Each structure stands twice: as C-alpha cells, then as structure tokens.
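Shown next: work_28.cif, given as mmCIF, C-alpha atoms.
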data_my_file
loop_
_atom_site.label_atom_id
_atom_site.label_comp_id
_atom_site.auth_asym_id
_atom_site.auth_seq_id
_atom_site.Cartn_x
_atom_site.Cartn_y
_atom_site.Cartn_z
CA MET A 1 0.00 0.00 0.00
CA LYS A 2 1.84 3.08 -1.22
CA GLU A 3 0.53 6.59 -1.01
CA LYS A 4 1.56 9.95 0.36
CA SER A 5 2.69 9.87 3.98
CA LEU A 6 2.62 12.99 6.15
CA ILE A 7 4.81 11.37 8.79
CA GLN A 8 8.28 12.19 7.45
CA GLY A 9 9.69 15.37 5.95
CA GLU A 10 9.44 19.12 6.58
CA PRO A 11 5.88 19.66 7.91
CA TRP A 12 5.05 22.88 6.05
CA LYS A 13 6.11 21.42 2.70
CA LEU A 14 4.01 18.29 3.21
CA ILE A 15 1.05 20.30 4.48
CA LEU A 16 1.19 22.73 1.59
CA ALA A 17 1.56 19.95 -1.00
CA PHE A 18 -1.48 18.19 0.49
CA ALA A 19 -3.55 21.36 0.93
CA VAL A 20 -3.10 22.84 -2.56
CA PRO A 21 -5.13 20.13 -4.37
CA VAL A 22 -7.79 20.39 -1.64
CA LEU A 23 -7.86 24.17 -2.12
CA LEU A 24 -8.10 23.85 -5.89
CA GLY A 25 -10.92 21.34 -5.48
CA GLN A 26 -12.81 23.76 -3.24
CA LEU A 27 -12.14 26.52 -5.75
CA LEU A 28 -13.63 24.46 -8.56
CA GLN A 29 -16.63 23.57 -6.43
CA GLN A 30 -17.21 27.19 -5.51
CA LEU A 31 -16.69 28.38 -9.08
CA TYR A 32 -19.49 26.23 -10.35
CA ASN A 33 -21.70 27.30 -7.44
CA THR A 34 -20.91 30.91 -8.35
CA VAL A 35 -21.55 30.41 -12.06
CA ASP A 36 -24.78 28.64 -11.13
CA THR A 37 -25.83 31.69 -9.09
CA ILE A 38 -24.80 34.14 -11.84
CA ILE A 39 -26.78 32.23 -14.47
CA VAL A 40 -29.84 32.05 -12.23
CA GLY A 41 -29.61 35.78 -11.47
CA GLN A 42 -29.17 36.79 -15.10
CA TYR A 43 -31.70 34.45 -16.73
CA ALA A 44 -34.28 33.71 -14.00
CA GLY A 45 -34.34 36.97 -12.01
CA GLU A 46 -33.80 38.17 -8.45
CA ALA A 47 -36.70 36.16 -6.98
CA ALA A 48 -35.16 32.94 -8.30
CA LEU A 49 -31.78 34.02 -6.93
CA ALA A 50 -33.36 34.60 -3.51
CA ALA A 51 -35.02 31.15 -3.70
CA VAL A 52 -31.71 29.39 -4.38
CA GLY A 53 -30.00 31.39 -1.61
CA THR A 54 -32.67 30.60 0.96
CA SER A 55 -32.44 26.89 0.12
CA HIS A 56 -28.69 26.93 0.68
CA SER A 57 -28.90 26.68 4.47
CA LEU A 58 -31.17 23.62 4.22
CA VAL A 59 -28.84 22.08 1.62
CA MET A 60 -25.90 22.55 3.98
CA PHE A 61 -27.78 20.91 6.85
CA PHE A 62 -28.08 17.63 4.96
CA LEU A 63 -24.58 17.89 3.54
CA SER A 64 -23.28 18.28 7.09
CA LEU A 65 -24.22 14.64 7.63
CA ALA A 66 -22.29 13.58 4.53
CA ASN A 67 -19.28 15.73 5.37
CA GLY A 68 -19.20 14.95 9.10
CA PHE A 69 -19.53 11.19 9.03
CA SER A 70 -17.24 10.90 6.00
CA ALA A 71 -14.63 12.95 7.86
CA GLY A 72 -15.01 10.66 10.88
CA ALA A 73 -14.33 7.61 8.71
CA GLY A 74 -11.36 9.45 7.21
CA VAL A 75 -9.80 10.08 10.63
CA ILE A 76 -10.06 6.39 11.54
CA ILE A 77 -8.57 5.30 8.22
CA ALA A 78 -5.77 7.88 8.46
CA GLN A 79 -4.73 6.52 11.85
CA GLN A 80 -4.90 2.94 10.55
CA PHE A 81 -2.80 3.95 7.55
CA GLY A 82 -0.29 5.69 9.83
CA ARG A 83 0.34 2.49 11.79
CA GLY A 84 0.21 0.18 8.74
CA ALA A 85 -3.01 -1.65 9.68
CA TYR A 86 -4.12 -2.20 6.08
CA ASP A 87 -6.59 -5.04 6.70
CA GLU A 88 -8.41 -2.91 9.26
CA MET A 89 -8.31 0.00 6.82
CA ARG A 90 -10.00 -2.04 4.07
CA ARG A 91 -12.72 -3.21 6.43
CA THR A 92 -13.34 0.33 7.69
CA ALA A 93 -13.49 1.75 4.16
CA ALA A 94 -15.93 -0.89 2.94
CA GLY A 95 -18.21 -0.55 5.96
CA SER A 96 -18.10 3.24 5.76
CA ILE A 97 -19.17 3.28 2.11
CA GLY A 98 -22.11 1.01 2.88
CA LEU A 99 -23.12 3.23 5.80
CA MET A 100 -22.91 6.45 3.80
CA LEU A 101 -24.95 5.11 0.88
CA PHE A 102 -27.66 4.05 3.32
CA MET A 103 -27.61 7.47 4.96
CA GLY A 104 -27.80 9.15 1.55
CA LEU A 105 -31.05 7.37 0.73
CA ALA A 106 -32.54 8.23 4.13
CA ALA A 107 -31.47 11.87 3.75
CA THR A 108 -33.20 12.14 0.36
CA VAL A 109 -36.54 11.06 1.81
CA ALA A 110 -36.22 13.31 4.87
CA ALA A 111 -35.16 16.32 2.77
CA ILE A 112 -38.12 16.08 0.41
CA LEU A 113 -40.54 15.88 3.34
CA ALA A 114 -38.88 18.74 5.24
CA ALA A 115 -38.67 21.23 2.37
CA ARG A 116 -41.88 23.23 2.72
CA PRO A 117 -42.25 23.29 6.54
CA VAL A 118 -38.63 24.37 7.04
CA LEU A 119 -38.37 26.89 4.20
CA GLY A 120 -41.81 28.39 4.75
CA GLY A 121 -42.00 28.07 8.55
CA LEU A 122 -38.63 28.03 10.28
CA MET A 123 -36.85 30.19 7.70
CA ALA A 124 -39.83 32.47 6.90
CA ALA A 125 -39.14 32.59 3.16
CA SER A 126 -41.13 35.32 1.43
CA GLU A 127 -44.21 34.24 -0.53
CA SER A 128 -42.64 35.95 -3.56
CA PHE A 129 -40.13 33.10 -3.89
CA LEU A 130 -41.25 30.34 -1.47
CA ALA A 131 -42.69 28.05 -4.19
CA MET A 132 -39.50 28.32 -6.21
CA ALA A 133 -37.37 27.58 -3.14
CA VAL A 134 -39.36 24.42 -2.34
CA MET A 135 -39.17 23.24 -5.96
CA TYR A 136 -35.43 23.86 -6.15
CA PHE A 137 -34.66 22.05 -2.92
CA ARG A 138 -36.84 19.00 -3.61
CA ILE A 139 -35.19 18.44 -6.97
CA TYR A 140 -31.76 19.03 -5.44
CA ALA A 141 -32.55 16.48 -2.71
CA LEU A 142 -32.82 13.72 -5.32
CA GLY A 143 -29.06 14.01 -5.74
CA LEU A 144 -28.14 13.69 -2.07
CA LEU A 145 -27.26 10.02 -2.48
CA PHE A 146 -24.58 11.04 -4.98
CA GLN A 147 -23.23 13.64 -2.56
CA PHE A 148 -22.95 11.07 0.23
CA GLY A 149 -21.25 8.59 -2.11
CA TYR A 150 -18.75 11.13 -3.39
CA ASN A 151 -17.92 12.44 0.09
CA ILE A 152 -17.03 9.06 1.55
CA VAL A 153 -14.77 8.10 -1.37
CA ALA A 154 -13.04 11.49 -1.17
CA ALA A 155 -12.52 11.01 2.59
CA VAL A 156 -11.01 7.54 2.09
CA LEU A 157 -8.60 8.84 -0.53
CA ARG A 158 -7.54 11.85 1.55
CA ALA A 159 -6.94 9.53 4.52
CA VAL A 160 -4.21 7.72 2.56
CA GLY A 161 -2.70 11.02 1.39
CA ASP A 162 -4.33 11.25 -2.05
CA SER A 163 -5.69 14.79 -2.05
CA LYS A 164 -5.22 15.34 -5.79
CA ALA A 165 -7.89 12.86 -6.80
CA THR A 166 -10.78 14.98 -5.52
CA LEU A 167 -9.57 17.78 -7.78
CA TYR A 168 -10.20 15.58 -10.82
CA PHE A 169 -13.67 14.63 -9.65
CA LEU A 170 -14.66 18.22 -8.95
CA LEU A 171 -13.33 19.28 -12.35
CA ILE A 172 -15.77 16.87 -13.94
CA ALA A 173 -18.63 18.11 -11.75
CA SER A 174 -17.81 21.78 -12.37
CA GLY A 175 -17.69 21.47 -16.14
CA ALA A 176 -20.88 19.41 -16.28
CA ASN A 177 -22.75 21.74 -13.93
CA ILE A 178 -21.88 24.88 -15.90
CA LEU A 179 -22.79 23.36 -19.27
CA LEU A 180 -26.06 21.95 -17.93
CA ASP A 181 -26.92 25.30 -16.29
CA LEU A 182 -26.51 27.03 -19.63
CA LEU A 183 -28.70 24.38 -21.25
CA PHE A 184 -31.48 24.09 -18.66
CA VAL A 185 -31.63 27.65 -17.30
CA ALA A 186 -30.38 29.91 -20.09
CA ALA A 187 -31.51 27.97 -23.18
CA LEU A 188 -34.57 26.04 -21.98
CA ASN A 189 -35.79 28.62 -19.39
CA MET A 190 -36.25 25.97 -16.68
CA SER A 191 -35.42 28.51 -13.93
CA VAL A 192 -34.63 27.02 -10.48
CA ALA A 193 -35.75 23.53 -11.52
CA GLY A 194 -33.09 23.54 -14.22
CA ALA A 195 -30.42 24.73 -11.81
CA ALA A 196 -31.23 21.96 -9.33
CA LEU A 197 -31.36 19.30 -12.04
CA ALA A 198 -28.00 20.43 -13.42
CA THR A 199 -26.42 20.11 -9.98
CA GLY A 200 -27.83 16.62 -9.43
CA ILE A 201 -26.54 15.30 -12.74
CA ALA A 202 -23.10 16.84 -12.09
CA GLN A 203 -22.99 15.18 -8.66
CA LEU A 204 -23.80 11.81 -10.20
CA GLY A 205 -20.88 12.22 -12.60
CA SER A 206 -18.54 13.19 -9.78
CA MET A 207 -19.51 10.18 -7.66
CA ALA A 208 -19.13 7.77 -10.59
CA ALA A 209 -15.66 9.16 -11.36
CA ALA A 210 -14.64 8.87 -7.70
CA PHE A 211 -15.62 5.20 -7.42
CA PHE A 212 -13.99 4.36 -10.77
CA TYR A 213 -10.72 6.03 -9.75
CA MET A 214 -10.60 4.38 -6.32
CA PHE A 215 -11.29 0.89 -7.65
CA ARG A 216 -8.80 1.23 -10.49
CA LYS A 217 -5.87 2.76 -8.59
CA TYR A 218 -6.09 1.00 -5.21
CA GLU A 219 -6.25 -2.77 -5.22
CA ILE A 220 -6.94 -2.80 -1.49
CA PHE A 221 -10.15 -0.85 -2.13
CA ARG A 222 -11.50 -3.12 -4.88
CA PHE A 223 -14.34 -4.34 -2.72
CA LYS A 224 -16.63 -7.14 -3.61
CA ARG A 225 -20.34 -6.62 -3.26
CA THR A 226 -20.27 -8.76 -0.14
CA ASP A 227 -17.81 -6.32 1.46
CA LEU A 228 -20.39 -3.51 1.45
CA HIS A 229 -22.57 -5.11 4.09
CA PHE A 230 -23.77 -4.07 7.51
CA ASP A 231 -20.74 -4.28 9.81
CA PRO A 232 -21.84 -3.34 13.34
CA ALA A 233 -18.31 -2.66 14.62
CA VAL A 234 -17.37 -0.40 11.71
CA TRP A 235 -20.70 1.42 11.65
CA LYS A 236 -20.47 2.03 15.39
CA SER A 237 -16.92 3.40 15.19
CA VAL A 238 -17.70 5.67 12.22
CA LEU A 239 -20.88 6.97 13.86
CA THR A 240 -19.06 7.53 17.15
CA VAL A 241 -16.12 9.41 15.66
CA GLY A 242 -18.12 11.15 12.94
CA PHE A 243 -21.01 12.31 15.11
CA PRO A 244 -19.17 15.25 16.72
CA MET A 245 -17.99 16.38 13.27
CA ALA A 246 -21.46 16.04 11.79
CA LEU A 247 -22.94 17.75 14.84
CA GLN A 248 -20.52 20.64 14.43
CA GLN A 249 -21.69 21.23 10.85
CA MET A 250 -25.34 20.63 11.73
CA ILE A 251 -25.10 23.29 14.43
CA VAL A 252 -23.64 25.66 11.87
CA SER A 253 -26.47 24.86 9.47
CA MET A 254 -29.17 25.28 12.11
CA GLY A 255 -27.61 28.56 13.13
CA PHE A 256 -27.82 29.66 9.52
CA PHE A 257 -31.52 28.74 9.48
CA LEU A 258 -32.05 31.41 12.10
CA LEU A 259 -29.70 33.86 10.40
CA GLN A 260 -31.48 33.27 7.08
CA ARG A 261 -34.81 33.95 8.77
CA ALA A 262 -33.49 37.32 9.97
CA VAL A 263 -32.22 38.05 6.46
CA ASN A 264 -35.56 37.15 4.87
CA GLU A 265 -37.39 39.48 7.23
CA PHE A 266 -35.55 42.43 5.62
CA GLY A 267 -37.09 41.59 2.23
CA GLN A 268 -36.21 40.09 -1.14
CA ALA A 269 -33.37 42.55 -1.90
CA MET A 270 -31.60 41.65 1.34
CA THR A 271 -32.08 37.92 0.65
CA ALA A 272 -30.58 38.28 -2.83
CA SER A 273 -27.73 40.38 -1.41
CA PHE A 274 -26.99 37.81 1.31
CA THR A 275 -26.96 35.04 -1.31
CA VAL A 276 -24.33 36.87 -3.35
CA GLY A 277 -22.35 37.84 -0.25
CA GLN A 278 -22.18 34.24 0.92
CA ARG A 279 -21.05 33.01 -2.49
CA LEU A 280 -18.17 35.50 -2.45
CA GLU A 281 -17.32 34.95 1.24
CA VAL A 282 -16.50 31.32 0.57
CA TYR A 283 -13.50 32.23 -1.59
CA MET A 284 -11.93 34.00 1.37
CA LEU A 285 -12.68 31.01 3.62
CA MET A 286 -10.95 28.50 1.36
CA PRO A 287 -7.30 28.76 2.53
CA ALA A 288 -8.23 28.14 6.17
CA SER A 289 -10.83 25.52 5.24
CA SER A 290 -8.45 23.48 3.04
CA LEU A 291 -5.81 23.62 5.77
CA GLN A 292 -8.35 22.45 8.36
CA ILE A 293 -9.00 19.34 6.23
CA THR A 294 -5.25 18.88 5.79
CA MET A 295 -4.52 19.15 9.51
CA ALA A 296 -7.08 16.43 10.28
CA THR A 297 -5.20 13.98 8.03
CA TYR A 298 -1.75 15.21 9.08
CA THR A 299 -2.59 14.87 12.78
CA GLY A 300 -4.31 11.50 12.32
CA GLN A 301 -1.36 9.97 10.47
CA ASN A 302 1.21 11.33 12.93
CA ILE A 303 -0.76 10.15 15.96
CA GLY A 304 -1.12 6.73 14.34
CA ALA A 305 2.67 6.64 13.88
CA GLY A 306 3.32 7.96 17.41
CA ARG A 307 4.87 11.23 16.12
CA MET A 308 3.29 13.76 18.50
CA ASP A 309 6.40 15.95 18.24
CA ARG A 310 5.52 16.92 14.66
CA ILE A 311 2.02 18.16 15.42
CA ARG A 312 2.89 21.40 17.24
CA THR A 313 5.42 22.32 14.56
CA GLY A 314 2.87 21.58 11.87
CA ILE A 315 0.12 23.73 13.35
CA ARG A 316 2.40 26.74 13.81
CA GLN A 317 3.46 26.60 10.20
CA THR A 318 -0.10 25.96 9.04
CA ILE A 319 -1.45 29.05 10.79
CA GLY A 320 1.15 31.20 9.03
CA ILE A 321 0.16 29.78 5.63
CA SER A 322 -3.53 30.23 6.47
CA PHE A 323 -3.16 33.89 7.42
CA LEU A 324 -1.08 34.77 4.37
CA GLY A 325 -3.43 33.06 1.91
CA THR A 326 -6.52 34.59 3.48
CA ALA A 327 -4.96 38.07 3.52
CA VAL A 328 -4.30 37.96 -0.22
CA LEU A 329 -7.84 36.84 -1.10
CA SER A 330 -9.45 39.27 1.35
CA LEU A 331 -7.52 42.18 -0.15
CA LEU A 332 -8.67 41.22 -3.64
CA ALA A 333 -12.29 40.93 -2.47
CA PHE A 334 -12.12 44.33 -0.75
CA VAL A 335 -10.59 46.13 -3.74
CA PHE A 336 -12.71 44.50 -6.44
CA SER A 337 -15.96 44.18 -4.47
CA ASP A 338 -18.10 46.28 -6.81
CA PRO A 339 -17.32 44.55 -10.14
CA LEU A 340 -17.62 41.15 -8.45
CA ILE A 341 -21.08 41.94 -7.12
CA ARG A 342 -22.21 43.33 -10.50
CA LEU A 343 -21.68 39.91 -12.06
CA PHE A 344 -24.83 38.64 -10.34
CA SER A 345 -27.25 41.16 -11.89
CA ILE A 346 -28.97 42.11 -8.63
CA SER A 347 -31.01 45.26 -8.02
CA GLU A 348 -29.48 48.51 -6.79
CA ASP A 349 -30.95 47.99 -3.33
CA ALA A 350 -29.37 44.52 -3.13
CA PHE A 351 -26.07 45.92 -4.43
CA PHE A 352 -26.09 48.59 -1.71
CA TYR A 353 -26.37 45.91 0.98
CA CYS A 354 -23.88 43.52 -0.61
CA HIS A 355 -21.17 46.16 -1.03
CA GLN A 356 -21.12 46.75 2.74
CA HIS A 357 -21.41 43.04 3.47
CA LEU A 358 -18.43 41.98 1.35
CA ARG A 359 -16.05 44.70 2.51
CA PHE A 360 -16.77 44.06 6.18
CA THR A 361 -16.30 40.30 5.92
CA ALA A 362 -13.06 40.75 3.94
CA VAL A 363 -11.54 42.17 7.12
CA ALA A 364 -13.19 39.68 9.48
CA MET A 365 -11.79 36.69 7.56
CA LEU A 366 -8.30 37.44 8.83
CA LEU A 367 -9.41 36.44 12.33
CA PHE A 368 -11.03 33.27 10.96
CA SER A 369 -7.72 32.23 9.39
CA LEU A 370 -6.00 32.26 12.80
CA TYR A 371 -8.13 29.58 14.43
CA PHE A 372 -9.97 27.42 11.91
CA PRO A 373 -7.05 25.11 10.92
CA VAL A 374 -6.63 24.20 14.60
CA LEU A 375 -10.05 22.52 14.49
CA GLY A 376 -8.59 20.01 12.03
CA LEU A 377 -5.89 19.21 14.58
CA PHE A 378 -8.56 18.49 17.20
CA GLN A 379 -10.45 16.25 14.77
CA GLY A 380 -7.35 14.30 13.75
CA ALA A 381 -6.51 13.78 17.42
CA GLY A 382 -9.94 12.29 18.09
CA ASP A 383 -11.11 15.37 20.00
CA ALA A 384 -13.84 16.36 17.57
CA MET A 385 -16.14 17.54 20.37
CA ALA A 386 -13.79 20.48 20.84
CA ALA A 387 -14.43 21.55 17.25
CA THR A 388 -18.15 21.17 17.90
CA LEU A 389 -17.86 23.42 20.95
CA VAL A 390 -16.14 26.08 18.84
CA ALA A 391 -18.82 25.89 16.16
CA THR A 392 -21.55 26.15 18.79
CA THR A 393 -19.88 29.16 20.37
CA ALA A 394 -19.47 30.96 17.05
CA LEU A 395 -23.02 30.39 15.83
CA THR A 396 -24.57 31.15 19.19
CA MET A 397 -22.85 34.51 19.29
CA ARG A 398 -23.82 35.28 15.70
CA VAL A 399 -27.48 34.43 16.23
CA LEU A 400 -27.72 36.21 19.61
CA SER A 401 -26.05 39.36 18.31
CA THR A 402 -28.31 39.39 15.23
CA TYR A 403 -31.60 39.11 17.09
CA THR A 404 -30.46 41.35 19.95
CA LEU A 405 -28.97 44.20 17.92
CA ARG A 406 -31.04 44.32 14.73
CA ASN A 407 -33.35 46.94 16.24
CA VAL A 408 -30.51 49.01 17.69
CA PRO A 409 -29.98 52.06 15.42
CA ALA A 410 -26.19 51.76 15.47
CA PHE A 411 -26.47 48.31 13.87
CA GLY A 412 -29.89 47.84 12.24
CA TYR A 413 -29.74 45.84 8.99
CA ARG A 414 -25.93 45.90 9.11
CA ILE A 415 -25.96 43.29 11.89
CA ILE A 416 -26.72 40.74 9.12
CA TRP A 417 -23.00 40.74 8.30
CA MET A 418 -21.49 42.39 11.38
CA ASN A 419 -22.52 39.36 13.48
CA ILE A 420 -19.60 37.50 11.93
CA MET A 421 -17.10 39.41 14.05
CA PHE A 422 -18.90 38.47 17.28
CA GLY A 423 -18.81 34.80 16.27
CA PHE A 424 -15.22 34.72 15.09
CA THR A 425 -13.88 36.52 18.16
CA PHE A 426 -15.40 34.07 20.62
CA ALA A 427 -14.44 31.07 18.45
CA PHE A 428 -10.83 32.29 18.29
CA LEU A 429 -10.63 32.54 22.08
CA VAL A 430 -12.23 29.14 22.76
CA THR A 431 -10.00 27.41 20.16
CA TRP A 432 -6.69 28.68 21.44
CA ILE A 433 -7.58 28.25 25.12
CA HIS A 434 -8.34 24.59 24.41
CA TYR A 435 -5.18 24.18 22.36
CA PHE A 436 -2.88 25.56 25.05
CA ARG A 437 -4.60 23.55 27.77
CA GLY A 438 -3.44 20.53 25.78
CA SER A 439 -6.20 18.08 26.69
CA TRP A 440 -6.51 17.07 23.01
CA LYS A 441 -3.13 15.30 23.34
CA HIS A 442 -4.53 12.76 25.78
CA LYS A 443 -7.22 11.38 23.49
CA LYS A 444 -6.79 7.69 22.66
CA ARG A 445 -6.10 6.32 19.24
CA LEU A 446 -9.30 5.48 17.39
#

Translate the structure described by the file into structure tokens.
Amino acid sequence: MKEKSLIQGEPWKLILAFAVPVLLGQLLQQLYNTVDTIIVGQYAGEAALAAVGTSHSLVMFFLSLANGFSAGAGVIIAQQFGRGAYDEMRRTAAGSIGLMLFMGLAATVAAILAARPVLGGLMAASESFLAMAVMYFRIYALGLLFQFGYNIVAAVLRAVGDSKATLYFLLIASGANILLDLLFVAALNMSVAGAALATGIAQLGSMAAAFFYMFRKYEIFRFKRTDLHFDPAVWKSVLTVGFPMALQQMIVSMGFFLLQRAVNEFGQAMTASFTVGQRLEVYMLMPASSLQITMATYTGQNIGAGRMDRIRTGIRQTIGISFLGTAVLSLLAFVFSDPLIRLFSISEDAFFYCHQHLRFTAVAMLLFSLYFPVLGLFQGAGDAMAATLVATTALTMRVLSTYTLRNVPAFGYRIIWMNIMFGFTFAFLVTWIHYFRGSWKHKKRL
C-alpha cells in the first residue's frame, strides 16, 4: 500500500503539498456554485436568486451529515494507515461506504418531506419566492445520495494522502454543472428547476468518477459486493467518531436557518444580497478551510505513527500559511468588491447591501484564518467535540447578536454581516484556550 505519507519530511512542505489540491478542489466547487448563481440571477431573475440562496442553508444541513460522518471515517482510516493496519483499513473503508450510501437514501426522503415546513416556517421565506425555493430544494434532494457517495470516497482517498484525486472529480462536476446550467436555465428557461437538475446530474458524474478512480488505482479498495454489508463494529466506530464532526456542521447549518430567517425578514433585496455575499465569502474562507481538512489527516497519520512531536510544529506553520493566503484573497475581495457583485445582476438595493457586506467580511476573515485550521488538529486527534464546541460558540454569538442588535440604530440591517465578528472573536478565544490547555493530546487512538 503506497501513497503519500505525512509522517516524514518538513511539515510545512508536506502540508502545503497536500492542501493545494484540496484548495483547488474547493475553488472548482465554488466556481461552479458561483456560475450557477450568476446564471440564475441573469436568466431567471432576483426572486429565483433569492429562492436558491434561501435553500442553501437547508442544503448545507443535509450535507453536514455527509461531510461529518465521512470525515469521521477518514480520521479512523488515516490513523490505521499511519500504523500500517491495512486489513483494518480495508474493512473500515468498505463498511463506511455502505453506511454512507444508506444514509444518503434516508437523507433524500427526509429532505423532500422537510422542504416546505422548514423553508416556509422556520426560515420564513417570502411568498414571492417560497414556491421556487421548495421546488429547487426537492429536486436538489434527489441528488443527495450522490453527494454522500462522493464524500465518503473522497474522505477515504484523503486519509491515505491522495488529495489530488478529488480535484479531478470536482473538475468533472464543475464542467458538467456549468454546461447543464446554460442548457437548462439559459436555453430552456427551466429557472430554479433547471439549476437543481444540473447540480444533481453533475454530482452523479462526480460520484461515478470517484468510485472508478478508487477501484482502479487501489487494489486494497477493490471491494466485492459482499464487502459492502452491515458491519456493526465499523458502523459504530464511524458513527461515534463522525457524530461530533457532523454535529458541528449541523449546528452551523441550524444557526444559519435562524440567520437566514433574519435576512428574509428584511425583504427580497436583502435575501438576494446575502446570497451573493455568501457566495463570495467562501472564496476568502478556502485557505483556512483546506488547511483544516489537511490538519485532520496530518494529525491523524502522525498520531497513528506515534509522532506527536511533529504536530505542534505543523500547526504553527499551518497558521502562518492560512493567514497569508486569506490576507491575499481578502484584499482582492475588498478592492474589487463592486465589479464582483455586479456579475450577479442584482437590483441597486441589493447591491447597496452587498457592497457593505463583502467589505466588512473581507476584514473579518483574517481572524477566521487564525483559528480554523486548529479545528482540524482536534479532529485528527480524536477530539472532535472540541471543534463542535467552537462551532456552537461561534453560531450562538452570531445568532444572539443578530436578534439582539437588529433593532438598535447603530447596527440595524448591518448586523446581518457584522454578526460574523462576534462569532469569530469568541471562536478564536475558545479554540486557542483549548489548544494551550493541551487536553486534546490525551485522546486515545481510534
């Protein structure tokens, strides 16, 4: 079993080499999300754009299950890879794939049933775009199985050091999604239904490519159908380790339900503005986010190999890379905010809001870059509940500040984006206090 090890060599070089393909994969994923939003805004109108944006929080809630439990399986496999336990690794990978495909089917059913009560009730979507939001999300939900399948294969490959593979899969998905958007939305005028259908087909292609690549390149992962069965021990370990990671992302998603409700209460222009602002925010998040994923694998492999000495060196160097990368992207977003926002063809009222939103968050992202990669260290060490605590702290502060200060004249509608500083500040403090206390070092191998 040969693949990239993060156990030997200069930490920052290994971390950067691993993180760059992850970053490029996230960039591709976000580019096709952005193009999707631009096409919807230009060809379907601002109401359709608001519908897609409102659905995003509900989409992320279900994807948090795919991301969280896949990441949990990845941590287990990374530690098994680090100590050379290849038979255990094969069994864990096979059981994890079976579990995630089952969860993908269950998530599809639950998502379709939850669409209208959540979008119309909990998130208070305006009647001007509620029907479109429900339609978009229900069609999107049909592709959740493909998302779950892709996520678990990507997690298995990253666990053995293969971070470049996901870049290939996302390239396929990005190209397909953009072409299908142009066909369904621009040419056939299918509005939000076309956008959702395009995404689902692209996700199917990405999952198929991921399975084909894994089976062809890695003999150890060429499972037989009998391998993908219910394995109580594997399912229990993946659910146990993955639950805190999934819970962390579910908390974030539920927090965004409440934030989205506050956004929707300011009207359609604010909803469209927030949609565009979020799409552009993600680019600034990517350096820290890709390094968080990298640190989970780096920490897992080094703990599995008993190399605790390398972890502190690695995180110091990672934070420096995170801050520098985020600073460059934030500066670009701040300087070129106006032409970037104009790409989405939103109204002047929405542009007015989004201009303030983007420039404020460009500054706030610098703080985010100084703590988020550390959460990957906690996850790789088996201390994922610490990352969940940080996520809970951040979202709690954002939601509380939004609902407390939105009627205060000094904040008003601006609290929609200013809440990010309250959340990031508290998350930064909680993260570094936990890191220096050092309790994450005493977690057992998984």

Ground truth for the PyMOL selection byres ((chain A and resi 66-76) around 8), written as a PyMOL selection string: chain A and resi 62-65+77-80+92-93+96+100+104+147-148+151-152+155-156+158-159+238-239+241-249+296-297+300+379-380+382+446

Given the PyMOL selection byres ((chain A and resi 355) around 12), the residues it picks as a ChimeraX atom specification: /A:270,273-274,276-277,280,333-342,346,348-354,356-362,414,417

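When all atoms listed in the file are used to measure the gap to Phe378 in chain A, the shortest distance among A:Ile420, A:Ala186, A:Ile303, A:Leu58 belongs to A:Ile303.
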
Point-to-point distance from CA of Ala48 in chain A to CA of Leu180 in chain A, Å rounded to tenths: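 Distance reported for this atom pair: 17.2 Å.
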
Residues matched by the PyMOL selection byres ((chain A and resi 264) around 10), written as a ChimeraX atom specification: /A:50,54,123-126,258-263,265-272,274

Using all atoms listed in the file: which of A:Leu329, A:Leu99, A:Met135, A:His56 has the shortest distance to Pro232 in chain A: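 Residue with the minimum atom-to-atom distance to Pro232 in chain A: A:Leu99.
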
Atom pair CA of Val363 in chain A / CA of Leu400 in chain A: separation (Å): 21.3 Å

Residue nearest Ala47 in chain A - candidates A:Tyr86, A:Phe129, A:Phe372, A:Phe61, atoms counted: only C-alpha atoms: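 Ranked by minimum distance to Ala47 in chain A, first place goes to A:Phe129.
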
Between CA of Phe422 in chain A and CA of Phe368 in chain A - distance in Å to one decimal: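 Rounded to one decimal, the two atoms are 11.4 Å apart.
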
Selection as a PyMOL selection string: residues within 12 Å of (-18.8, 36.7, 21.2), counting all atoms listed in the file: chain A and resi 390-402+418-430

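The environment of Thr318 in chain A within 8 Å, counting all atoms listed in the file and disregarding residues fewer than 5 places along the same chain, consists of A:Trp12, A:Ile15, A:Leu291, A:Pro373.
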
Nearest residue to Thr166 in chain A from the set A:Ala209, A:Met254, A:Leu101, A:Leu331 (distances using all atoms listed in the file):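 Of all the options, A:Ala209 lies closest to Thr166 in chain A.
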